[in-house]
$ cat model_11.csv   # CSV, C-alpha atoms
chain,number,residue,atom,x,y,z
A,1035,MET,CA,19.5,-36.8,1.2
A,1036,LYS,CA,19.4,-33.1,1.9
A,1037,ARG,CA,20.8,-32.3,-1.6
A,1038,THR,CA,18.2,-34.5,-3.3
A,1039,LEU,CA,15.4,-32.9,-1.4
A,1040,LEU,CA,16.8,-29.4,-2.1
A,1041,ALA,CA,17.2,-30.3,-5.9
A,1042,ILE,CA,13.6,-31.6,-6.0
A,1043,THR,CA,12.2,-28.6,-4.2
A,1044,ALA,CA,14.1,-26.2,-6.5
A,1045,GLY,CA,13.0,-28.1,-9.6
A,1046,LEU,CA,9.3,-28.0,-8.5
A,1047,GLY,CA,9.6,-24.3,-7.6
A,1048,LEU,CA,11.0,-23.4,-11.0
A,1049,GLY,CA,8.4,-25.6,-12.7
A,1050,LEU,CA,5.6,-23.8,-10.9
A,1051,ILE,CA,7.0,-20.4,-11.7
A,1052,GLY,CA,7.6,-21.2,-15.3
A,1053,GLY,CA,4.2,-22.9,-15.7
A,1054,SER,CA,2.3,-20.1,-14.0
A,1055,THR,CA,3.5,-17.4,-16.4
A,1056,SER,CA,1.2,-17.1,-19.4
A,1057,LEU,CA,2.5,-16.1,-22.8
A,1058,GLY,CA,-0.7,-14.4,-23.6
A,1059,SER,CA,-2.8,-14.6,-26.7
A,1060,PRO,CA,-0.9,-16.0,-29.7
A,1061,GLU,CA,-3.1,-13.8,-32.0
A,1062,LEU,CA,-1.8,-10.6,-30.4
A,1063,THR,CA,1.7,-10.4,-31.7
A,1064,LYS,CA,2.8,-6.8,-30.9
A,1065,PRO,CA,1.8,-3.9,-28.7
A,1066,GLY,CA,-0.7,-1.6,-30.0
A,1067,PRO,CA,-3.3,1.1,-29.4
A,1068,ILE,CA,-7.1,0.8,-29.5
A,1069,ARG,CA,-9.1,4.0,-29.9
A,1070,LEU,CA,-12.8,3.9,-29.2
A,1071,THR,CA,-15.6,6.3,-28.2
A,1072,THR,CA,-18.3,5.6,-25.6
A,1073,ARG,CA,-21.9,6.6,-25.1
A,1074,GLY,CA,-23.1,6.5,-21.5
A,1075,LEU,CA,-26.0,4.1,-20.8
A,1076,THR,CA,-26.4,4.4,-17.0
A,1077,GLN,CA,-24.7,5.9,-14.1
A,1078,GLN,CA,-25.9,4.9,-10.6
A,1079,PHE,CA,-24.8,6.4,-7.4
A,1080,VAL,CA,-25.2,4.2,-4.3
A,1081,ASN,CA,-25.0,6.2,-1.0
A,1082,SER,CA,-23.9,4.0,1.9
A,1083,GLY,CA,-24.4,6.5,4.7
A,1084,ASP,CA,-24.0,10.2,5.0
A,1085,PRO,CA,-26.0,12.3,2.5
A,1086,SER,CA,-22.8,13.7,1.0
A,1087,ARG,CA,-20.4,11.6,-1.0
A,1088,GLY,CA,-17.8,9.8,1.1
A,1089,ALA,CA,-15.9,6.6,1.8
A,1090,GLY,CA,-17.8,3.5,0.9
A,1091,ASP,CA,-20.2,5.1,-1.6
A,1092,LEU,CA,-20.4,3.4,-5.0
A,1093,LEU,CA,-20.6,4.7,-8.6
A,1094,VAL,CA,-21.7,2.1,-11.1
A,1095,ILE,CA,-21.2,3.0,-14.8
A,1096,ARG,CA,-22.3,1.2,-18.0
A,1097,GLU,CA,-21.4,2.5,-21.4
A,1098,LEU,CA,-21.6,1.3,-25.0
A,1099,LEU,CA,-18.3,1.2,-27.1
A,1100,TYR,CA,-18.0,2.4,-30.6
A,1101,ASN,CA,-15.5,2.3,-33.4
A,1102,LYS,CA,-17.1,4.5,-36.1
A,1103,GLY,CA,-14.3,3.6,-38.5
A,1104,ILE,CA,-15.6,0.0,-38.6
A,1105,THR,CA,-19.4,0.3,-38.0
A,1106,ARG,CA,-22.0,2.7,-36.8
A,1107,ASN,CA,-23.3,0.1,-34.3
A,1108,ALA,CA,-21.9,-0.5,-30.9
A,1109,ILE,CA,-19.1,-3.1,-30.9
A,1110,GLY,CA,-19.1,-3.7,-27.2
A,1111,HIS,CA,-19.8,-2.4,-23.7
A,1112,ALA,CA,-18.0,-1.3,-20.6
A,1113,GLU,CA,-18.9,-1.7,-16.9
A,1114,LEU,CA,-17.0,0.1,-14.1
A,1115,VAL,CA,-17.6,0.0,-10.4
A,1116,CYS,CA,-15.9,2.8,-8.4
A,1117,THR,CA,-15.8,2.9,-4.6
A,1118,TYR,CA,-15.3,6.3,-3.0
A,1119,THR,CA,-12.3,6.4,-0.7
A,1120,GLY,CA,-12.9,10.1,0.1
A,1121,ARG,CA,-15.1,13.0,-1.0
A,1122,LEU,CA,-13.8,12.9,-4.6
A,1123,SER,CA,-11.3,10.1,-4.8
A,1124,ARG,CA,-12.4,6.7,-6.1
A,1125,GLN,CA,-10.9,3.3,-6.6
A,1126,CYS,CA,-12.3,1.8,-9.8
A,1127,ASN,CA,-12.4,-1.6,-11.4
A,1128,GLY,CA,-13.9,-2.2,-14.8
A,1129,THR,CA,-14.2,-4.5,-17.8
A,1130,PHE,CA,-14.4,-3.5,-21.5
A,1131,SER,CA,-16.1,-6.2,-23.5
A,1132,LEU,CA,-15.1,-6.3,-27.1
A,1133,PRO,CA,-15.9,-8.7,-30.0
A,1134,LYS,CA,-12.7,-10.7,-29.5
A,1135,GLY,CA,-12.4,-10.6,-25.7
A,1136,LYS,CA,-12.4,-8.5,-22.6
A,1137,ILE,CA,-9.9,-6.0,-21.2
A,1138,SER,CA,-9.8,-5.4,-17.4
A,1139,VAL,CA,-8.7,-2.1,-15.9
A,1140,ALA,CA,-8.2,-0.8,-12.4
A,1141,GLY,CA,-6.9,2.3,-10.6
A,1142,THR,CA,-7.8,5.5,-8.9
A,1143,LEU,CA,-9.5,8.6,-10.3
A,1144,ILE,CA,-10.7,11.9,-9.0
A,1145,TYR,CA,-12.3,13.6,-12.0
A,1146,ARG,CA,-14.1,11.7,-14.8
A,1147,GLN,CA,-13.3,14.5,-17.3
A,1148,PHE,CA,-9.8,13.0,-17.8
A,1149,TYR,CA,-8.2,9.9,-16.1
A,1150,VAL,CA,-5.8,7.1,-16.6
A,1151,LEU,CA,-6.2,3.5,-15.4
A,1152,ALA,CA,-3.9,0.5,-15.6
A,1153,VAL,CA,-4.8,-2.4,-17.9
A,1154,VAL,CA,-4.4,-5.4,-15.6
A,1155,GLY,CA,-5.3,-8.2,-17.9
A,1156,GLY,CA,-7.8,-9.6,-20.4
A,1157,THR,CA,-9.4,-12.6,-22.0
A,1158,GLY,CA,-9.6,-14.1,-25.4
A,1159,PHE,CA,-7.6,-12.0,-28.0
A,1160,TYR,CA,-6.5,-9.8,-25.1
A,1161,ASP,CA,-5.3,-12.6,-22.9
A,1162,ASN,CA,-2.6,-11.4,-20.4
A,1163,VAL,CA,-2.3,-7.8,-21.9
A,1164,ARG,CA,-1.0,-5.0,-19.8
A,1165,GLY,CA,-0.7,-1.2,-20.4
A,1166,SER,CA,-2.9,1.8,-19.8
A,1167,LEU,CA,-6.3,3.2,-20.5
A,1168,THR,CA,-6.7,7.0,-21.0
A,1169,VAL,CA,-10.2,8.4,-21.0
A,1170,THR,CA,-11.1,12.0,-22.0
A,1171,LEU,CA,-14.5,13.5,-21.8
A,1172,LEU,CA,-15.9,14.7,-25.2
A,1173,LYS,CA,-19.4,15.6,-24.3
A,1174,ARG,CA,-21.4,15.8,-21.1
A,1175,LYS,CA,-25.0,15.3,-22.2
A,1176,PRO,CA,-25.4,12.6,-23.4
A,1177,ARG,CA,-22.1,11.4,-21.9
A,1178,LYS,CA,-19.5,10.7,-24.6
A,1179,ASP,CA,-15.8,9.8,-23.9
A,1180,LEU,CA,-12.7,9.1,-26.0
A,1181,VAL,CA,-11.2,5.8,-24.8
A,1182,TYR,CA,-7.5,5.1,-25.7
A,1183,PHE,CA,-5.9,1.8,-24.8
A,1184,ARG,CA,-2.1,1.5,-25.0
A,1185,LEU,CA,-1.6,-2.3,-24.8
A,1186,LEU,CA,1.6,-4.3,-24.2
A,1187,ILE,CA,2.0,-8.0,-24.5
$ encode --input "model_11.csv" --output "structure tokens"
Amino acid sequence: MKRTLLAITAGLGLGLIGGSTSLGSPELTKPGPIRLTTRGLTQQFVNSGDPSRGAGDLLVIRELLYNKGITRNAIGHAELVCTYTGRLSRQCNGTFSLPKGKISVAGTLIYRQFYVLAVVGGTGFYDNVRGSLTVTLLKRKPRKDLVYFRLLI
């Protein structure tokens, strides 16, 4: 009886583990880079207490995404919400919405001039991707960044 129960439990456990892993998008067949530029739309600072920046304050960022090699028009948009954990340090979560799906990112940053965030997943064409996002400031006013995704499947 104990062996049967153990075998059933093990089989269900393996089935749940195997069934919960996603193969990702069948359209995305190999790792690859995505290189875009952004144009800042809005940047809102939400102060939760003390007049200076500190833990708990929020920075909400919206940007348009461009790939000038394809079209002059925006191909998508990005939204990031960063929570200050110290005077400069922030924990950020964001979504980059592109024509074939969305890419989700998360991580810490101190300076917006150059930072790297982890790609933690996606939807549509980017279902279950991983990798990194590197952002480099190109121009301050109006804000323009170079966005470089290194995606793994």
$ atom_distance --input "model_11.csv" --atom1 "CA of Val1094 in chain A" --atom2 "CA of Leu1075 in chain A"
10.8 Å
$ closest_residue --input "model_11.csv" --among "A:Tyr1118, A:Ile1104, A:Ala1152, A:Ile1144" --to "Gly1083 in chain A" --atoms "only C-alpha atoms"
A:Tyr1118
$ closest_residue --input "model_11.csv" --among "A:Leu1098, A:Leu1093, A:Leu1132, A:Leu1186" --to "Leu1114 in chain A" --atoms "all atoms listed in the file"
A:Leu1093
$ atom_distance --input "model_11.csv" --atom1 "CA of Ile1109 in chain A" --atom2 "CA of Arg1069 in chain A"
12.3 Å
$ closest_residue --input "model_11.csv" --among "A:Gly1120, A:Pro1067, A:Pro1085, A:Gly1165" --to "Val1150 in chain A" --atoms "only C-alpha atoms"
A:Gly1165
$ atom_distance --input "model_11.csv" --atom1 "CA of Tyr1100 in chain A" --atom2 "CA of Arg1177 in chain A"
13.2 Å
$ closest_residue --input "model_11.csv" --among "A:Ser1082, A:Gly1110, A:Arg1073, A:Gly1135" --to "Arg1174 in chain A" --atoms "only C-alpha atoms"
A:Arg1073
$ closest_residue --input "model_11.csv" --among "A:Thr1105, A:Gly1074, A:Asp1091, A:Val1163" --to "Lys1175 in chain A" --atoms "all atoms listed in the file"
A:Gly1074
$ residues_near_point --input "model_11.csv" --point "(-6.2, 4.8, -18.6)" --cutoff "7 Å" --atoms "all atoms listed in the file" --output "PyMOL selection string"
chain A and resi 1149-1152+1166-1169+1183
